[in-house]
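Okay, model-v6.cif now, which holds mmCIF, C-alpha atoms, pLDDT in the B column; chains and numbers go by the auth columns:
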data_structure
#
loop_
_atom_site.group_PDB
_atom_site.id
_atom_site.type_symbol
_atom_site.label_atom_id
_atom_site.label_comp_id
_atom_site.label_asym_id
_atom_site.label_seq_id
_atom_site.Cartn_x
_atom_site.Cartn_y
_atom_site.Cartn_z
_atom_site.B_iso_or_equiv
_atom_site.auth_seq_id
_atom_site.auth_asym_id
ATOM 1 C CA MET A 1 0.000 0.000 0.000 44.00 1 P
ATOM 2 C CA ALA A 2 1.296 3.459 -0.764 45.00 2 P
ATOM 3 C CA VAL A 3 1.145 6.182 1.828 46.00 3 P
ATOM 4 C CA PRO A 4 2.470 9.699 1.502 46.00 4 P
ATOM 5 C CA ASP A 5 5.754 10.524 3.161 47.00 5 P
ATOM 6 C CA SER A 6 6.722 13.923 4.527 45.00 6 P
ATOM 7 C CA SER A 7 7.490 15.227 1.035 42.00 7 P
ATOM 8 C CA GLY A 8 4.079 14.221 -0.276 41.00 8 P
ATOM 9 C CA ALA A 9 5.511 11.383 -2.360 40.00 9 P
ATOM 10 C CA SER A 10 4.136 7.898 -1.903 37.00 10 P
ATOM 11 C CA GLN A 11 6.137 5.079 -0.424 45.00 11 P
ATOM 12 C CA ARG A 12 5.228 1.410 -0.400 40.00 12 P
ATOM 13 C CA HIS A 13 4.586 0.101 3.117 45.00 13 P
ATOM 14 C CA GLY A 14 3.326 -3.197 4.434 43.00 14 P
ATOM 15 C CA SER A 15 3.828 -6.870 3.936 42.00 15 P
ATOM 16 C CA GLY A 16 2.501 -7.481 0.440 42.00 16 P
ATOM 17 C CA PRO A 17 -0.731 -7.612 -1.489 39.00 17 P
ATOM 18 C CA ARG A 18 -3.924 -8.819 0.126 39.00 18 P
ATOM 19 C CA ARG A 19 -6.050 -11.625 -1.266 35.00 19 P
ATOM 20 C CA LEU A 20 -9.777 -11.049 -1.718 35.00 20 P
ATOM 21 C CA ALA A 21 -10.588 -13.420 1.159 39.00 21 P
ATOM 22 C CA ASP A 22 -8.328 -11.330 3.377 44.00 22 P
ATOM 23 C CA SER A 23 -10.007 -8.062 2.445 42.00 23 P
ATOM 24 C CA PRO A 24 -11.842 -6.275 5.264 46.00 24 P
ATOM 25 C CA THR A 25 -14.880 -5.918 2.989 44.00 25 P
ATOM 26 C CA SER A 26 -15.198 -9.705 2.610 42.00 26 P
ATOM 27 C CA GLY A 27 -16.097 -10.106 6.303 48.00 27 P
ATOM 28 C CA PHE A 28 -13.341 -12.707 6.779 51.00 28 P
ATOM 29 C CA ARG A 29 -9.726 -12.154 7.745 64.00 29 P
ATOM 30 C CA LEU A 30 -7.057 -14.789 7.557 77.00 30 P
ATOM 31 C CA GLN A 31 -4.592 -12.871 9.718 89.00 31 P
ATOM 32 C CA PRO A 32 -4.892 -10.139 12.337 95.00 32 P
ATOM 33 C CA ARG A 33 -3.524 -6.714 11.348 97.00 33 P
ATOM 34 C CA VAL A 34 -1.416 -4.221 13.241 98.00 34 P
ATOM 35 C CA LEU A 35 -0.232 -0.754 12.279 98.00 35 P
ATOM 36 C CA ILE A 36 3.132 0.175 13.819 98.00 36 P
ATOM 37 C CA VAL A 37 3.649 3.962 13.946 98.00 37 P
ATOM 38 C CA GLU A 38 7.214 4.780 14.950 98.00 38 P
ATOM 39 C CA ASP A 39 9.739 7.261 13.554 97.00 39 P
ATOM 40 C CA ASP A 40 12.813 5.338 14.732 97.00 40 P
ATOM 41 C CA ASP A 41 13.557 2.834 11.946 98.00 41 P
ATOM 42 C CA THR A 42 15.257 0.304 14.223 97.00 42 P
ATOM 43 C CA THR A 43 12.442 0.269 16.781 97.00 43 P
ATOM 44 C CA ARG A 44 9.735 0.136 14.098 97.00 44 P
ATOM 45 C CA GLU A 45 11.459 -2.754 12.310 97.00 45 P
ATOM 46 C CA MET A 46 11.970 -4.643 15.587 97.00 46 P
ATOM 47 C CA TYR A 47 8.285 -4.362 16.533 98.00 47 P
ATOM 48 C CA ALA A 48 7.182 -5.203 12.981 98.00 48 P
ATOM 49 C CA TRP A 49 9.450 -8.259 12.850 97.00 49 P
ATOM 50 C CA SER A 50 8.101 -9.515 16.177 97.00 50 P
ATOM 51 C CA MET A 51 4.488 -9.141 15.048 97.00 51 P
ATOM 52 C CA ARG A 52 5.137 -10.773 11.650 97.00 52 P
ATOM 53 C CA ALA A 53 6.890 -13.695 13.385 97.00 53 P
ATOM 54 C CA ALA A 54 3.689 -14.211 15.400 96.00 54 P
ATOM 55 C CA GLY A 55 1.593 -14.335 12.209 96.00 55 P
ATOM 56 C CA TRP A 56 0.316 -10.763 12.010 97.00 56 P
ATOM 57 C CA LEU A 57 0.023 -8.669 8.870 97.00 57 P
ATOM 58 C CA VAL A 58 1.945 -5.484 9.567 98.00 58 P
ATOM 59 C CA GLU A 59 1.744 -2.008 8.095 98.00 59 P
ATOM 60 C CA GLU A 60 4.296 0.613 9.093 98.00 60 P
ATOM 61 C CA ALA A 61 4.220 4.398 9.236 98.00 61 P
ATOM 62 C CA ALA A 62 7.008 6.780 10.263 98.00 62 P
ATOM 63 C CA ASN A 63 4.893 9.826 11.194 98.00 63 P
ATOM 64 C CA GLY A 64 1.428 10.694 12.423 98.00 64 P
ATOM 65 C CA GLU A 65 0.165 11.951 9.082 98.00 65 P
ATOM 66 C CA ALA A 66 1.125 8.720 7.307 98.00 66 P
ATOM 67 C CA ALA A 67 -0.551 6.821 10.174 98.00 67 P
ATOM 68 C CA LEU A 68 -3.899 8.463 9.414 98.00 68 P
ATOM 69 C CA TYR A 69 -3.759 7.329 5.789 97.00 69 P
ATOM 70 C CA ALA A 70 -2.469 3.861 6.657 98.00 70 P
ATOM 71 C CA ALA A 71 -5.169 3.286 9.290 98.00 71 P
ATOM 72 C CA ALA A 72 -7.933 4.173 6.846 96.00 72 P
ATOM 73 C CA LEU A 73 -6.526 2.021 4.036 97.00 73 P
ATOM 74 C CA PHE A 74 -5.126 -0.952 5.978 96.00 74 P
ATOM 75 C CA GLU A 75 -7.938 -1.179 8.581 95.00 75 P
ATOM 76 C CA PRO A 76 -5.785 -2.638 11.383 97.00 76 P
ATOM 77 C CA ASP A 77 -7.139 -4.527 14.366 97.00 77 P
ATOM 78 C CA VAL A 78 -4.738 -2.638 16.666 98.00 78 P
ATOM 79 C CA ILE A 79 -2.459 0.403 16.279 98.00 79 P
ATOM 80 C CA VAL A 80 0.852 0.825 18.111 98.00 80 P
ATOM 81 C CA MET A 81 1.508 4.581 18.280 98.00 81 P
ATOM 82 C CA ASP A 82 4.717 6.323 19.280 98.00 82 P
ATOM 83 C CA LEU A 83 3.767 9.661 20.818 97.00 83 P
ATOM 84 C CA ARG A 84 6.764 11.733 19.688 95.00 84 P
ATOM 85 C CA LEU A 85 6.483 11.741 15.907 97.00 85 P
ATOM 86 C CA PRO A 86 7.420 14.168 13.135 96.00 86 P
ATOM 87 C CA ILE A 87 4.834 16.071 11.067 96.00 87 P
ATOM 88 C CA LEU A 88 1.879 15.103 13.307 97.00 88 P
ATOM 89 C CA ASP A 89 2.561 13.844 16.818 97.00 89 P
ATOM 90 C CA GLY A 90 1.033 10.652 18.166 97.00 90 P
ATOM 91 C CA ILE A 91 -1.378 12.413 20.522 97.00 91 P
ATOM 92 C CA GLU A 92 -2.934 14.464 17.713 98.00 92 P
ATOM 93 C CA ALA A 93 -2.940 11.476 15.346 98.00 93 P
ATOM 94 C CA THR A 94 -4.766 9.445 18.028 98.00 94 P
ATOM 95 C CA ARG A 95 -7.330 12.215 18.548 98.00 95 P
ATOM 96 C CA ARG A 96 -8.029 12.344 14.827 98.00 96 P
ATOM 97 C CA LEU A 97 -8.335 8.571 14.578 98.00 97 P
ATOM 98 C CA LYS A 98 -10.804 8.562 17.475 98.00 98 P
ATOM 99 C CA GLU A 99 -12.862 11.356 15.855 97.00 99 P
ATOM 100 C CA THR A 100 -13.250 9.419 12.597 96.00 100 P
ATOM 101 C CA GLU A 101 -16.068 6.899 12.231 96.00 101 P
ATOM 102 C CA LEU A 102 -13.916 4.494 10.192 95.00 102 P
ATOM 103 C CA THR A 103 -11.140 4.253 12.797 97.00 103 P
ATOM 104 C CA ARG A 104 -12.597 5.188 16.199 96.00 104 P
ATOM 105 C CA HIS A 105 -13.153 1.539 17.195 96.00 105 P
ATOM 106 C CA ILE A 106 -9.478 0.538 16.747 97.00 106 P
ATOM 107 C CA PRO A 107 -7.582 0.061 20.027 98.00 107 P
ATOM 108 C CA ILE A 108 -4.409 2.159 20.171 98.00 108 P
ATOM 109 C CA VAL A 109 -1.368 1.315 22.278 98.00 109 P
ATOM 110 C CA ALA A 110 0.642 4.444 23.077 98.00 110 P
ATOM 111 C CA CYS A 111 4.428 4.111 23.426 96.00 111 P
ATOM 112 C CA SER A 112 6.696 6.736 24.941 95.00 112 P
ATOM 113 C CA ALA A 113 9.866 7.130 26.947 92.00 113 P
ATOM 114 C CA LEU A 114 8.122 9.931 28.855 88.00 114 P
ATOM 115 C CA ASP A 115 6.067 8.433 31.699 74.00 115 P
ATOM 116 C CA ARG A 116 4.071 11.627 32.072 84.00 116 P
ATOM 117 C CA ALA A 117 2.738 11.036 28.543 93.00 117 P
ATOM 118 C CA ALA A 118 0.423 8.303 29.869 95.00 118 P
ATOM 119 C CA ALA A 119 -2.189 10.852 30.968 95.00 119 P
ATOM 120 C CA ASP A 120 -2.088 12.604 27.588 95.00 120 P
ATOM 121 C CA ALA A 121 -2.449 9.240 25.847 97.00 121 P
ATOM 122 C CA LYS A 122 -5.483 8.357 27.942 96.00 122 P
ATOM 123 C CA ASN A 123 -7.091 11.729 27.262 96.00 123 P
ATOM 124 C CA ALA A 124 -6.521 11.299 23.518 96.00 124 P
ATOM 125 C CA GLY A 125 -8.315 7.923 23.573 97.00 125 P
ATOM 126 C CA CYS A 126 -5.549 5.317 23.787 97.00 126 P
ATOM 127 C CA SER A 127 -6.495 1.895 25.131 97.00 127 P
ATOM 128 C CA ALA A 128 -3.108 1.223 26.739 97.00 128 P
ATOM 129 C CA PHE A 129 0.265 2.819 27.432 96.00 129 P
ATOM 130 C CA VAL A 130 3.681 1.151 27.440 96.00 130 P
ATOM 131 C CA PRO A 131 6.861 2.903 28.529 95.00 131 P
ATOM 132 C CA LYS A 132 9.895 2.681 26.260 94.00 132 P
ATOM 133 C CA PRO A 133 12.011 0.767 25.954 92.00 133 P
ATOM 134 C CA CYS A 134 9.433 -1.995 25.624 93.00 134 P
ATOM 135 C CA PRO A 135 10.567 -5.535 24.809 95.00 135 P
ATOM 136 C CA PRO A 136 8.871 -6.646 21.568 96.00 136 P
ATOM 137 C CA GLU A 137 7.440 -9.779 23.175 96.00 137 P
ATOM 138 C CA ASP A 138 5.730 -7.680 25.879 96.00 138 P
ATOM 139 C CA LEU A 139 4.280 -5.339 23.273 97.00 139 P
ATOM 140 C CA ARG A 140 3.131 -8.301 21.170 96.00 140 P
ATOM 141 C CA ALA A 141 1.353 -9.855 24.182 96.00 141 P
ATOM 142 C CA LEU A 142 -0.468 -6.583 24.874 97.00 142 P
ATOM 143 C CA VAL A 143 -1.462 -6.131 21.216 97.00 143 P
ATOM 144 C CA GLU A 144 -2.737 -9.719 21.057 96.00 144 P
ATOM 145 C CA SER A 145 -4.747 -9.199 24.256 95.00 145 P
ATOM 146 C CA LEU A 146 -6.344 -6.034 22.883 95.00 146 P
ATOM 147 C CA ALA A 147 -7.188 -7.767 19.601 93.00 147 P
ATOM 148 C CA ARG A 148 -8.783 -10.727 21.422 90.00 148 P
ATOM 149 C CA ASN A 149 -10.861 -8.479 23.654 86.00 149 P
ATOM 150 C CA ARG A 150 -11.675 -5.979 20.950 72.00 150 P
ATOM 151 C CA GLY A 151 -15.006 -4.356 21.325 53.00 151 P
ATOM 152 C CA PRO A 152 -15.669 -0.658 21.382 47.00 152 P
ATOM 153 C CA SER A 153 -12.290 0.878 22.076 49.00 153 P
ATOM 154 C CA ASP A 154 -12.304 2.260 25.591 52.00 154 P
ATOM 155 C CA PRO A 155 -9.641 4.674 26.781 54.00 155 P
ATOM 156 C CA MET A 156 -7.172 3.398 29.346 54.00 156 P
ATOM 157 C CA GLN A 157 -8.562 2.707 32.810 50.00 157 P
#

Please express the file's structure as structure tokens.
Amino acid sequence: MAVPDSSGASQRHGSGPRRLADSPTSGFRLQPRVLIVEDDDTTREMYAWSMRAAGWLVEEAANGEAALYAAALFEPDVIVMDLRLPILDGIEATRRLKETELTRHIPIVACSALDRAAADAKNAGCSAFVPKPCPPEDLRALVESLARNRGPSDPMQ
């Protein structure tokens, strides 16, 4: 899938073409989907690798603006959102996702090295907060739990 980068050009992101049976419009998904939004290439690739190894389809975005496009096109089951992002920060991207009918139901896991960001994440509508650094297996377990229990996305308790 192509999503605009900071220059407005499109870049290919994701893990390959989808089959019709895997299309969200078919009502049947073969694999769960996660959108990883992280500007640090190494961290994003580590989280993406961990999720792919567990059988997830993964889409990646490096800024909040690209995340908005990717969420609408990819229709993930869960979004992992870094809060300090270029172009559009993770808090504002989360607010916009929660204001949009198409994406408001998607649970969002906020990630940040700043512990005080947890309150901002909750207020924006995130379902969970994990402090960085977060081991990929811990993040994967949380994402899988949110996907299993997915209903209307409630902000963090």

### Query
If you count all atoms listed in the file, which residues fall within 12 Å of P:Ala93, apart from same-chain ones fewer than 2 positions away, as number ranges by chain?
P: 37, 61, 63-71, 79-91, 95-100, 103-104, 108, 110, 121, 124-126

### Task
Spell out the residues picked by the PyMOL selection byres ((chain P and resi 58) around 6) here, as a list of chain:residue names.
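On this input, the PyMOL selection byres ((chain P and resi 58) around 6) captures P:Gly14, P:Arg33, P:Val34, P:Leu35, P:Leu57, P:Glu59.
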
### Query
Can you tell me how far atom CA of P:Leu142 sits from atom CA of P:Ile106, in Å to one decimal?
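Interatomic distance here is 14.1 Å.
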
### Task
Expand the PyMOL selection byres ((chain P and resi 118) around 12) into the individual residues it matches in the shown file, reporting them as a ChimeraX atom specification.
/P:82-83,90-91,109-117,119-132,155-157

### Message
When you count all atoms listed in the file, which of these residues is closest to P:Cys134: P:Ala147, P:Met46, P:Ala54, P:Ala62?
### Response
P:Met46

### Residue members of the PyMOL selection byres ((chain P and resi 47) around 8) in the file shown, as a list in words
Ile36, Thr43, Arg44, Glu45, Met46, Ala48, Trp49, Ser50, Met51, Pro136, Leu139 and Arg140 of chain P

For the residues selected in the previous step, produce a file with C-alpha atoms as a CSV table (one decimal), in the coordinates of the input.
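Resulting contents of out23.csv:
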chain,number,residue,atom,x,y,z
P,36,ILE,CA,3.1,0.2,13.8
P,43,THR,CA,12.4,0.3,16.8
P,44,ARG,CA,9.7,0.1,14.1
P,45,GLU,CA,11.5,-2.8,12.3
P,46,MET,CA,12.0,-4.6,15.6
P,48,ALA,CA,7.2,-5.2,13.0
P,49,TRP,CA,9.4,-8.3,12.8
P,50,SER,CA,8.1,-9.5,16.2
P,51,MET,CA,4.5,-9.1,15.0
P,136,PRO,CA,8.9,-6.6,21.6
P,139,LEU,CA,4.3,-5.3,23.3
P,140,ARG,CA,3.1,-8.3,21.2

### Task
Figure out the distance between atom CA of P:Glu60 and atom CA of P:Phe74, please, to one decimal in Å.
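Between these atoms lies a distance of 10.0 Å.
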
### One-decimal distance in Å that lies between atom CA of P:Pro133 and atom CA of P:Asp39
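Taking atom CA of P:Asp39 and atom CA of P:Pro133, their separation equals 14.2 Å.
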
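Of the listed residues (P:Glu92, P:Asp77, P:Asp41, P:Glu101), P:Asp77 comes nearest to P:Leu146; the distances count all atoms listed in the file.
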
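When all atoms listed in the file are used to compute distances to P:Pro107, the closest of the residues P:Arg148, P:Val78, P:Asp138, P:Pro32 turns out to be P:Val78.
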